[in-house]
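A.B. asks: What follows is run-v1.cif, made up of mmCIF, C-alpha atoms and all ligand atoms; chains and numbers go by the auth columns:
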data_final
loop_
_atom_site.group_PDB
_atom_site.id
_atom_site.type_symbol
_atom_site.label_atom_id
_atom_site.label_comp_id
_atom_site.label_asym_id
_atom_site.label_seq_id
_atom_site.Cartn_x
_atom_site.Cartn_y
_atom_site.Cartn_z
_atom_site.B_iso_or_equiv
_atom_site.auth_seq_id
_atom_site.auth_asym_id
ATOM 1 C CA MET A 1 1.715 -2.392 -2.918 0.00 1 A
ATOM 2 C CA LEU A 2 -1.264 -1.047 -4.828 0.00 2 A
ATOM 3 C CA LEU A 3 -4.123 -3.150 -6.127 0.00 3 A
ATOM 4 C CA TYR A 4 -6.242 -2.403 -9.150 0.00 4 A
ATOM 5 C CA ASN A 5 -9.780 -1.636 -8.047 0.00 5 A
ATOM 6 C CA PRO A 6 -12.234 -2.123 -10.900 0.00 6 A
ATOM 7 C CA ILE A 7 -14.958 -0.176 -9.106 0.00 7 A
ATOM 8 C CA SER A 8 -13.055 3.094 -9.165 0.00 8 A
ATOM 9 C CA THR A 9 -12.781 2.969 -12.952 0.00 9 A
ATOM 10 C CA HIS A 10 -16.508 3.671 -13.125 0.00 10 A
ATOM 11 C CA LEU A 11 -15.675 7.266 -12.250 0.00 11 A
ATOM 12 C CA PRO A 12 -16.030 9.622 -15.200 0.00 12 A
ATOM 13 C CA PRO A 13 -12.786 10.411 -16.994 0.00 13 A
ATOM 14 C CA THR A 14 -10.970 13.368 -15.486 0.00 14 A
ATOM 15 C CA PRO A 15 -10.484 16.262 -17.880 0.00 15 A
ATOM 16 C CA THR A 16 -6.768 16.624 -18.453 0.00 16 A
ATOM 17 C CA ALA A 17 -4.600 19.597 -19.151 0.00 17 A
ATOM 18 C CA LEU A 18 -1.952 17.600 -20.934 0.00 18 A
ATOM 19 C CA SER A 19 -0.258 18.872 -23.995 0.00 19 A
ATOM 20 C CA LEU A 20 -1.146 15.502 -25.508 0.00 20 A
ATOM 21 C CA LYS A 21 -4.792 16.164 -24.779 0.00 21 A
ATOM 22 C CA PRO A 22 -6.796 14.175 -27.310 0.00 22 A
ATOM 23 C CA THR A 23 -8.937 15.947 -29.835 0.00 23 A
ATOM 24 C CA THR A 24 -11.343 13.066 -29.586 0.00 24 A
ATOM 25 C CA ILE A 25 -11.444 11.009 -26.415 0.00 25 A
ATOM 26 C CA HIS A 26 -11.452 7.328 -27.173 0.00 26 A
ATOM 27 C CA HIS A 27 -13.270 5.103 -24.689 0.00 27 A
ATOM 28 C CA ARG A 28 -12.913 1.377 -24.546 0.00 28 A
ATOM 29 C CA ASN A 29 -15.227 -0.797 -22.492 0.00 29 A
ATOM 30 C CA VAL A 30 -13.898 -3.988 -21.086 0.00 30 A
ATOM 31 C CA ILE A 31 -16.068 -6.594 -19.446 0.00 31 A
ATOM 32 C CA VAL A 32 -14.169 -8.497 -16.821 0.00 32 A
ATOM 33 C CA SER A 33 -15.234 -11.964 -15.835 0.00 33 A
ATOM 34 C CA SER A 34 -14.330 -12.824 -12.281 0.00 34 A
ATOM 35 C CA GLN A 35 -14.283 -16.255 -10.714 0.00 35 A
ATOM 36 C CA TYR A 36 -17.648 -15.602 -9.070 0.00 36 A
ATOM 37 C CA GLN A 37 -19.599 -13.104 -11.153 0.00 37 A
ATOM 38 C CA PRO A 38 -18.943 -10.800 -14.071 0.00 38 A
ATOM 39 C CA ILE A 39 -17.720 -7.369 -12.999 0.00 39 A
ATOM 40 C CA PRO A 40 -18.459 -4.705 -15.600 0.00 40 A
ATOM 41 C CA THR A 41 -15.339 -2.603 -15.845 0.00 41 A
ATOM 42 C CA THR A 42 -14.628 0.452 -17.905 0.00 42 A
ATOM 43 C CA VAL A 43 -11.125 1.611 -18.612 0.00 43 A
ATOM 44 C CA ASN A 44 -10.787 5.041 -20.138 0.00 44 A
ATOM 45 C CA ILE A 45 -8.182 5.396 -22.817 0.00 45 A
ATOM 46 C CA SER A 46 -7.477 9.114 -22.622 0.00 46 A
ATOM 47 C CA ILE A 47 -5.519 9.348 -25.853 0.00 47 A
ATOM 48 C CA SER A 48 -6.049 7.162 -28.890 0.00 48 A
ATOM 49 C CA ASP A 49 -3.251 5.341 -30.734 0.00 49 A
ATOM 50 C CA GLU A 50 -3.946 7.595 -33.731 0.00 50 A
ATOM 51 C CA SER A 51 -3.614 10.731 -31.637 0.00 51 A
ATOM 52 C CA LEU A 52 -0.324 9.484 -30.198 0.00 52 A
ATOM 53 C CA LYS A 53 0.864 8.765 -33.729 0.00 53 A
ATOM 54 C CA SER A 54 -0.045 12.255 -34.899 0.00 54 A
ATOM 55 C CA LYS A 55 2.168 13.647 -32.112 0.00 55 A
ATOM 56 C CA GLY A 56 5.098 11.516 -33.253 0.00 56 A
ATOM 57 C CA PHE A 57 4.693 8.611 -30.829 0.00 57 A
ATOM 58 C CA ASN A 58 4.322 4.989 -31.912 0.00 58 A
ATOM 59 C CA LEU A 59 2.832 2.446 -29.546 0.00 59 A
ATOM 60 C CA HIS A 60 4.287 -1.066 -29.393 0.00 60 A
ATOM 61 C CA ARG A 61 3.061 -4.171 -27.600 0.00 61 A
ATOM 62 C CA SER A 62 6.027 -6.503 -28.079 0.00 62 A
ATOM 63 C CA ILE A 63 9.806 -6.401 -27.717 0.00 63 A
ATOM 64 C CA THR A 64 10.303 -6.456 -31.481 0.00 64 A
ATOM 65 C CA ASN A 65 12.307 -3.331 -32.417 0.00 65 A
ATOM 66 C CA LEU A 66 12.872 -2.443 -28.762 0.00 66 A
ATOM 67 C CA ASN A 67 16.511 -1.498 -28.253 0.00 67 A
ATOM 68 C CA LEU A 68 17.312 -2.752 -24.762 0.00 68 A
ATOM 69 C CA ASP A 69 20.328 -0.479 -24.310 0.00 69 A
ATOM 70 C CA HIS A 70 18.091 2.499 -24.990 0.00 70 A
ATOM 71 C CA LEU A 71 15.474 1.124 -22.601 0.00 71 A
ATOM 72 C CA ASN A 72 18.177 0.649 -19.992 0.00 72 A
ATOM 73 C CA SER A 73 19.162 4.297 -20.464 0.00 73 A
ATOM 74 C CA VAL A 74 15.579 5.360 -19.703 0.00 74 A
ATOM 75 C CA PHE A 75 15.631 3.210 -16.548 0.00 75 A
ATOM 76 C CA VAL A 76 18.889 4.840 -15.489 0.00 76 A
ATOM 77 C CA ALA A 77 17.620 8.341 -16.353 0.00 77 A
ATOM 78 C CA VAL A 78 14.715 7.929 -13.879 0.00 78 A
ATOM 79 C CA GLY A 79 16.997 6.573 -11.166 0.00 79 A
ATOM 80 C CA PHE A 80 16.606 2.815 -11.550 0.00 80 A
ATOM 81 C CA PRO A 81 19.860 0.872 -11.336 0.00 81 A
ATOM 82 C CA ARG A 82 21.459 -0.018 -14.695 0.00 82 A
ATOM 83 C CA ARG A 83 20.784 -3.697 -15.343 0.00 83 A
ATOM 84 C CA ASP A 84 22.449 -6.277 -17.510 0.00 84 A
ATOM 85 C CA THR A 85 20.656 -6.124 -20.880 0.00 85 A
ATOM 86 C CA THR A 86 20.859 -9.900 -21.256 0.00 86 A
ATOM 87 C CA LYS A 87 18.868 -10.198 -18.033 0.00 87 A
ATOM 88 C CA ILE A 88 16.424 -7.529 -19.181 0.00 88 A
ATOM 89 C CA GLN A 89 15.920 -9.508 -22.391 0.00 89 A
ATOM 90 C CA LEU A 90 15.173 -12.661 -20.388 0.00 90 A
ATOM 91 C CA ALA A 91 12.824 -10.795 -18.058 0.00 91 A
ATOM 92 C CA LEU A 92 10.943 -9.344 -21.032 0.00 92 A
ATOM 93 C CA GLU A 93 10.681 -12.762 -22.641 0.00 93 A
ATOM 94 C CA ASN A 94 9.063 -13.950 -19.397 0.00 94 A
ATOM 95 C CA THR A 95 6.706 -10.982 -19.355 0.00 95 A
ATOM 96 C CA ASP A 96 3.012 -11.505 -20.151 0.00 96 A
ATOM 97 C CA SER A 97 2.102 -8.038 -21.404 0.00 97 A
ATOM 98 C CA LEU A 98 4.172 -5.009 -22.206 0.00 98 A
ATOM 99 C CA MET A 99 3.647 -1.600 -23.731 0.00 99 A
ATOM 100 C CA TRP A 100 6.193 0.871 -24.916 0.00 100 A
ATOM 101 C CA ILE A 101 6.107 4.111 -26.799 0.00 101 A
ATOM 102 C CA GLU A 102 8.713 5.020 -29.374 0.00 102 A
ATOM 103 C CA TYR A 103 9.509 8.607 -30.272 0.00 103 A
ATOM 104 C CA GLU A 104 9.312 8.545 -34.050 0.00 104 A
ATOM 105 C CA LYS A 105 11.996 11.180 -34.504 0.00 105 A
ATOM 106 C CA THR A 106 14.718 9.307 -32.619 0.00 106 A
ATOM 107 C CA LYS A 107 13.285 5.762 -32.823 0.00 107 A
ATOM 108 C CA ARG A 108 14.043 5.472 -29.102 0.00 108 A
ATOM 109 C CA PRO A 109 11.737 4.183 -26.370 0.00 109 A
ATOM 110 C CA VAL A 110 10.380 7.011 -24.206 0.00 110 A
ATOM 111 C CA ALA A 111 7.708 5.223 -22.167 0.00 111 A
ATOM 112 C CA PHE A 112 7.462 1.655 -20.935 0.00 112 A
ATOM 113 C CA ALA A 113 5.462 -0.633 -18.616 0.00 113 A
ATOM 114 C CA ARG A 114 5.137 -4.389 -18.308 0.00 114 A
ATOM 115 C CA ALA A 115 3.229 -7.028 -16.370 0.00 115 A
ATOM 116 C CA THR A 116 4.091 -10.536 -15.263 0.00 116 A
ATOM 117 C CA GLY A 117 1.685 -13.070 -13.859 0.00 117 A
ATOM 118 C CA ASP A 118 -0.088 -16.387 -14.170 0.00 118 A
ATOM 119 C CA GLY A 119 -2.006 -15.334 -17.286 0.00 119 A
ATOM 120 C CA VAL A 120 -5.346 -16.152 -15.662 0.00 120 A
ATOM 121 C CA PHE A 121 -5.963 -14.615 -12.237 0.00 121 A
ATOM 122 C CA ASN A 122 -3.056 -12.405 -11.195 0.00 122 A
ATOM 123 C CA ALA A 123 -0.637 -9.889 -12.625 0.00 123 A
ATOM 124 C CA ILE A 124 1.969 -7.524 -11.226 0.00 124 A
ATOM 125 C CA ILE A 125 3.030 -4.428 -13.085 0.00 125 A
ATOM 126 C CA TRP A 126 6.718 -3.530 -13.194 0.00 126 A
ATOM 127 C CA ASP A 127 9.123 -0.972 -14.641 0.00 127 A
ATOM 128 C CA VAL A 128 6.704 1.870 -15.296 0.00 128 A
ATOM 129 C CA VAL A 129 8.959 4.581 -16.700 0.00 129 A
ATOM 130 C CA VAL A 130 8.819 7.646 -18.878 0.00 130 A
ATOM 131 C CA ASP A 131 11.959 9.371 -20.159 0.00 131 A
ATOM 132 C CA PRO A 132 12.340 12.559 -18.066 0.00 132 A
ATOM 133 C CA ASN A 133 12.343 14.641 -21.281 0.00 133 A
ATOM 134 C CA PHE A 134 8.877 13.295 -22.077 0.00 134 A
ATOM 135 C CA GLN A 135 7.247 13.233 -18.648 0.00 135 A
ATOM 136 C CA GLY A 136 4.085 15.151 -17.877 0.00 136 A
ATOM 137 C CA ILE A 137 2.533 14.879 -21.342 0.00 137 A
ATOM 138 C CA GLY A 138 0.361 11.830 -20.787 0.00 138 A
ATOM 139 C CA LEU A 139 2.660 9.017 -21.947 0.00 139 A
ATOM 140 C CA GLY A 140 2.784 7.247 -18.564 0.00 140 A
ATOM 141 C CA LYS A 141 -0.982 7.271 -18.403 0.00 141 A
ATOM 142 C CA ALA A 142 -1.196 6.093 -22.035 0.00 142 A
ATOM 143 C CA VAL A 143 0.909 2.963 -21.408 0.00 143 A
ATOM 144 C CA MET A 144 -0.739 2.180 -18.059 0.00 144 A
ATOM 145 C CA GLU A 145 -4.296 2.482 -19.400 0.00 145 A
ATOM 146 C CA ARG A 146 -3.464 0.107 -22.225 0.00 146 A
ATOM 147 C CA LEU A 147 -1.625 -2.365 -20.028 0.00 147 A
ATOM 148 C CA VAL A 148 -4.536 -2.558 -17.567 0.00 148 A
ATOM 149 C CA THR A 149 -7.017 -2.827 -20.444 0.00 149 A
ATOM 150 C CA GLU A 150 -5.055 -5.715 -21.943 0.00 150 A
ATOM 151 C CA LEU A 151 -4.888 -7.555 -18.606 0.00 151 A
ATOM 152 C CA LEU A 152 -8.595 -7.056 -17.930 0.00 152 A
ATOM 153 C CA GLY A 153 -9.320 -8.187 -21.474 0.00 153 A
ATOM 154 C CA LYS A 154 -7.570 -11.471 -20.620 0.00 154 A
ATOM 155 C CA GLY A 155 -9.880 -11.827 -17.612 0.00 155 A
ATOM 156 C CA ILE A 156 -7.114 -10.984 -15.141 0.00 156 A
ATOM 157 C CA ASN A 157 -8.619 -8.749 -12.495 0.00 157 A
ATOM 158 C CA ASN A 158 -6.186 -9.060 -9.628 0.00 158 A
ATOM 159 C CA ILE A 159 -3.602 -6.510 -10.723 0.00 159 A
ATOM 160 C CA ALA A 160 -1.001 -5.198 -8.293 0.00 160 A
ATOM 161 C CA LEU A 161 2.069 -2.989 -8.363 0.00 161 A
ATOM 162 C CA TYR A 162 4.641 -1.522 -6.030 0.00 162 A
ATOM 163 C CA SER A 163 4.520 2.250 -5.850 0.00 163 A
ATOM 164 C CA GLU A 164 7.035 4.676 -4.509 0.00 164 A
ATOM 165 C CA PRO A 165 5.244 7.159 -2.209 0.00 165 A
ATOM 166 C CA ARG A 166 5.873 10.049 -4.618 0.00 166 A
ATOM 167 C CA VAL A 167 3.946 8.379 -7.437 0.00 167 A
ATOM 168 C CA LEU A 168 0.857 7.203 -5.531 0.00 168 A
ATOM 169 C CA GLY A 169 -0.989 10.175 -7.023 0.00 169 A
ATOM 170 C CA PHE A 170 -0.167 8.947 -10.526 0.00 170 A
ATOM 171 C CA TYR A 171 -1.597 5.471 -9.942 0.00 171 A
ATOM 172 C CA ARG A 172 -4.743 6.356 -7.973 0.00 172 A
ATOM 173 C CA PRO A 173 -6.694 7.957 -10.860 0.00 173 A
ATOM 174 C CA LEU A 174 -5.784 4.894 -12.923 0.00 174 A
ATOM 175 C CA GLY A 175 -7.852 2.761 -10.548 0.00 175 A
ATOM 176 C CA PHE A 176 -5.239 1.551 -8.059 0.00 176 A
ATOM 177 C CA VAL A 177 -5.852 1.633 -4.325 0.00 177 A
ATOM 178 C CA ALA A 178 -3.428 1.125 -1.456 0.00 178 A
ATOM 179 C CA ASP A 179 -4.148 -1.561 1.123 0.00 179 A
ATOM 180 C CA PRO A 180 -7.718 -2.404 -0.003 0.00 180 A
ATOM 181 C CA ASP A 181 -9.726 -3.873 2.894 0.00 181 A
ATOM 182 C CA GLY A 182 -6.619 -3.648 5.006 0.00 182 A
ATOM 183 C CA ILE A 183 -4.664 -6.041 2.781 0.00 183 A
ATOM 184 C CA ARG A 184 -0.972 -5.212 3.097 0.00 184 A
ATOM 185 C CA GLY A 185 1.797 -6.125 0.696 0.00 185 A
ATOM 186 C CA MET A 186 4.799 -7.905 2.163 0.00 186 A
ATOM 187 C CA VAL A 187 8.194 -8.254 0.553 0.00 187 A
ATOM 188 C CA TYR A 188 10.804 -10.817 1.441 0.00 188 A
ATOM 189 C CA SER A 189 13.710 -9.026 3.007 0.00 189 A
ATOM 190 C CA ARG A 190 16.900 -10.852 3.779 0.00 190 A
ATOM 191 C CA LYS A 191 18.246 -9.987 7.207 0.00 191 A
ATOM 192 C CA LYS A 192 21.639 -8.320 7.212 0.00 192 A
ATOM 193 C CA LYS A 193 24.258 -10.485 8.840 0.00 193 A
ATOM 194 C CA LYS A 194 25.590 -9.050 12.050 0.00 194 A
ATOM 195 C CA ASN A 195 29.335 -8.410 12.101 0.00 195 A
ATOM 196 C CA ARG A 196 30.886 -10.847 14.492 0.00 196 A
HETATM 197 C C1 LIG B . 5.571 8.215 -12.752 0.00 201 A
HETATM 198 C C2 LIG B . 5.694 8.375 -14.252 0.00 201 A
HETATM 199 C C3 LIG B . 5.669 6.996 -14.913 0.00 201 A
HETATM 200 C C4 LIG B . 4.505 9.196 -14.758 0.00 201 A
HETATM 201 O O1 LIG B . 4.566 9.282 -16.162 0.00 201 A
HETATM 202 P P1 LIG B . 4.204 10.647 -16.912 0.00 201 A
HETATM 203 O O2 LIG B . 4.180 10.388 -18.349 0.00 201 A
HETATM 204 O O3 LIG B . 5.117 11.716 -16.432 0.00 201 A
HETATM 205 O O4 LIG B . 2.748 10.945 -16.349 0.00 201 A
HETATM 206 P P2 LIG B . 1.516 11.463 -17.210 0.00 201 A
HETATM 207 O O5 LIG B . 1.930 12.693 -17.944 0.00 201 A
HETATM 208 O O6 LIG B . 0.952 10.358 -18.009 0.00 201 A
HETATM 209 O O7 LIG B . 0.534 11.874 -16.057 0.00 201 A
HETATM 210 C C5 LIG B . -0.777 11.363 -15.969 0.00 201 A
HETATM 211 C C6 LIG B . -1.450 12.027 -14.788 0.00 201 A
HETATM 212 O O8 LIG B . -0.760 11.661 -13.579 0.00 201 A
HETATM 213 C C7 LIG B . -0.321 12.839 -12.919 0.00 201 A
HETATM 214 N N1 LIG B . 0.983 12.538 -12.348 0.00 201 A
HETATM 215 C C8 LIG B . 2.116 12.212 -12.999 0.00 201 A
HETATM 216 N N2 LIG B . 3.117 11.961 -12.120 0.00 201 A
HETATM 217 C C9 LIG B . 2.574 12.133 -10.891 0.00 201 A
HETATM 218 C C10 LIG B . 3.091 12.025 -9.579 0.00 201 A
HETATM 219 N N3 LIG B . 4.363 11.670 -9.349 0.00 201 A
HETATM 220 N N4 LIG B . 2.254 12.267 -8.535 0.00 201 A
HETATM 221 C C11 LIG B . 0.962 12.610 -8.757 0.00 201 A
HETATM 222 N N5 LIG B . 0.405 12.713 -9.996 0.00 201 A
HETATM 223 C C12 LIG B . 1.202 12.479 -11.034 0.00 201 A
HETATM 224 C C13 LIG B . -0.239 13.904 -13.982 0.00 201 A
HETATM 225 O O9 LIG B . -0.376 15.187 -13.430 0.00 201 A
HETATM 226 C C14 LIG B . -1.407 13.545 -14.861 0.00 201 A
HETATM 227 O O10 LIG B . -2.588 14.007 -14.266 0.00 201 A
HETATM 228 P P3 LIG B . -3.867 14.407 -15.187 0.00 201 A
HETATM 229 O O11 LIG B . -4.244 13.159 -15.947 0.00 201 A
HETATM 230 O O12 LIG B . -4.875 14.821 -14.184 0.00 201 A
HETATM 231 O O13 LIG B . -3.396 15.508 -16.085 0.00 201 A
HETATM 232 C C15 LIG B . 6.981 9.148 -14.650 0.00 201 A
HETATM 233 O O14 LIG B . 6.981 10.379 -13.996 0.00 201 A
HETATM 234 C C16 LIG B . 8.243 8.414 -14.327 0.00 201 A
HETATM 235 O O15 LIG B . 8.785 7.670 -15.139 0.00 201 A
HETATM 236 N N6 LIG B . 8.803 8.634 -13.109 0.00 201 A
HETATM 237 C C17 LIG B . 10.068 8.049 -12.724 0.00 201 A
HETATM 238 C C18 LIG B . 9.989 6.557 -12.599 0.00 201 A
HETATM 239 C C19 LIG B . 8.976 6.141 -11.565 0.00 201 A
HETATM 240 O O16 LIG B . 8.907 6.702 -10.482 0.00 201 A
HETATM 241 N N7 LIG B . 8.193 5.116 -11.930 0.00 201 A
HETATM 242 C C20 LIG B . 7.225 4.553 -11.046 0.00 201 A
HETATM 243 C C21 LIG B . 7.897 3.555 -10.164 0.00 201 A
HETATM 244 S S1 LIG B . 6.784 3.047 -8.869 0.00 201 A
#
What does this structure look like when you write it as structure tokens?

C.D. replies:
Amino acid sequence: MLLYNPISTHLPPTPTALSLKPTTIHHRNVIVSSQYQPIPTTVNISISDESLKSKGFNLHRSITNLNLDHLNSVFVAVGFPRRDTTKIQLALENTDSLMWIEYEKTKRPVAFARATGDGVFNAIIWDVVVDPNFQGIGLGKAVMERLVTELLGKGINNIALYSEPRVLGFYRPLGFVADPDGIRGMVYSRKKKKNR
């Protein structure tokens, strides 16, 4: 499990070599109030909504117009199990914040991320996916930066996610750290029944 570390976002933005490299870099400052003292936190938005739009990508922050069968296909394309769309619908209705990017040309979702939580202190990010045909051009970073910004804007500064080992390098520059101060994530795991 990775935790969002507001301190690391004070690092200057890394220059990117993405094909979606912004012509103008848009910065957004977010002040986070913690339970104890305000933590000034800066989240860099590496590509503006306008720049995304000019490249044919529309950003959405709600499930309106999101075709869940198409979303399911993106999940499957990256190796997630296909899930019942009725259950996906329910899960998204119980989601606090979500971001998705539509490819204008096809009207299909190509990038997605969502967060659940208590709306005040804690959030967990789930289902971070980019259609394999659109990976490596900054869309994953675009949705994650906005999702974190939205959560911080709500005053939620305990943000966690589960990361597969191969994507740790994607999350770290976004401000996530593994096992901060030795804190380890634990997941309930049902014991397999022994054959008798
Ligand atoms: C992981 C994933 C969401 C990244 O999305 P993406 O759009 O391809 O990534 P971006 O183009 O926005 O990359 C942003 C930065 O992260 C880097 N990056 C992307 N994937 C990376 C990886 N697996 N490991 C290390 N760095 C990575 C990019 O090089 C880029 O670096 P830069 O900003 O210095 O140029 C996408 O590859 C994906 O959907 N993978 C399959 C599903 C998955 O594993 N989801 C995460 C579940 S834990």

A.B. asks: Take the PyMOL selection byres (((chain A and resi 87-94) around 9) and not hetatm), run it mentally on this structure, and tell me the resulting residues as a PyMOL selection string.

C.D. replies: chain A and resi 63+68+72+83-86+95-98+114+116

A.B. asks: From the set A:Ile125, A:Ile47, A:Val167, A:Leu66, which residue has the shortest atom-to-atom contact distance to A:Trp100, counting all atoms listed in the file?

C.D. replies: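 Under the stated criterion, the closest residue is A:Leu66.
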
A.B. asks: Have a look at A:Lys55, A:Lys141, A:His70, A:Arg61 and name the one nearest to ligand LIG 201 (chain A); count only C-alpha atoms and all ligand atoms.

C.D. replies: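 With only C-alpha atoms and all ligand atoms as the atom set, the closest residue is A:Lys141.
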
A.B. asks: What does the distance from atom C13 of ligand LIG 201 (chain A) to atom CA of A:Phe170 come to in Å, to one decimal?

C.D. replies: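 These two atoms are separated by 6.0 Å.
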
A.B. asks: Ligand LIG 201 (chain A): which residues are within 8 Å, counting only C-alpha atoms and all ligand atoms? Reply as a ChimeraX atom specification.

C.D. replies: /A:14-18,75,78-80,111,126-132,134-142,161-171,173

A.B. asks: For A:Asn65, please output as a list in words all residues within 10 Å (counting all atoms listed in the file; exclusion window: fewer than 2 positions along the same chain).

C.D. replies: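 These residues fall inside the cut-off: His60, Ser62, Ile63, Asn67, Leu68, Glu102, Lys107, Arg108 and Pro109 of chain A.
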
A.B. asks: Smallest atom-to-atom distance to A:Asp179: which of A:Ala77, A:Val110, A:Ala160, A:Ala115, using only C-alpha atoms?

C.D. replies: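 Closest residue, counting only C-alpha atoms: A:Ala160.
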
A.B. asks: I'd like the interatomic distance between atom CA of A:Ser51 and atom CA of A:Tyr103, to a tenth of an Å.

C.D. replies: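 Between atom CA of A:Ser51 and atom CA of A:Tyr103 the gap is 13.4 Å.
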
A.B. asks: Suppose you want the space between atom CA of A:Thr149 and atom CA of A:Val120; what is it in Å?

C.D. replies: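 Spanning atom CA of A:Thr149 to atom CA of A:Val120 is a straight-line distance of 14.3 Å.
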
A.B. asks: My list of candidates is A:Lys191, A:Lys154, A:Leu147, A:Gly182. Which is closest to A:Ile45 when distances are computed with all atoms listed in the file?

C.D. replies: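 Of all the options, A:Leu147 lies closest to A:Ile45.
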
A.B. asks: Looking at A:Gly153, A:Gly119, A:Gly185, A:Pro180, which one is nearest to A:Asn5, with distances taken over only C-alpha atoms?

C.D. replies: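 Ranked by minimum distance to A:Asn5, first place goes to A:Pro180.
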
A.B. asks: Between A:Leu2, A:Leu174, A:Ile183, A:Ala113, which is the closest to A:Val143 once you count all atoms listed in the file?

C.D. replies: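 Between A:Leu2, A:Leu174, A:Ile183, A:Ala113, the residue approaching A:Val143 most closely is A:Ala113.
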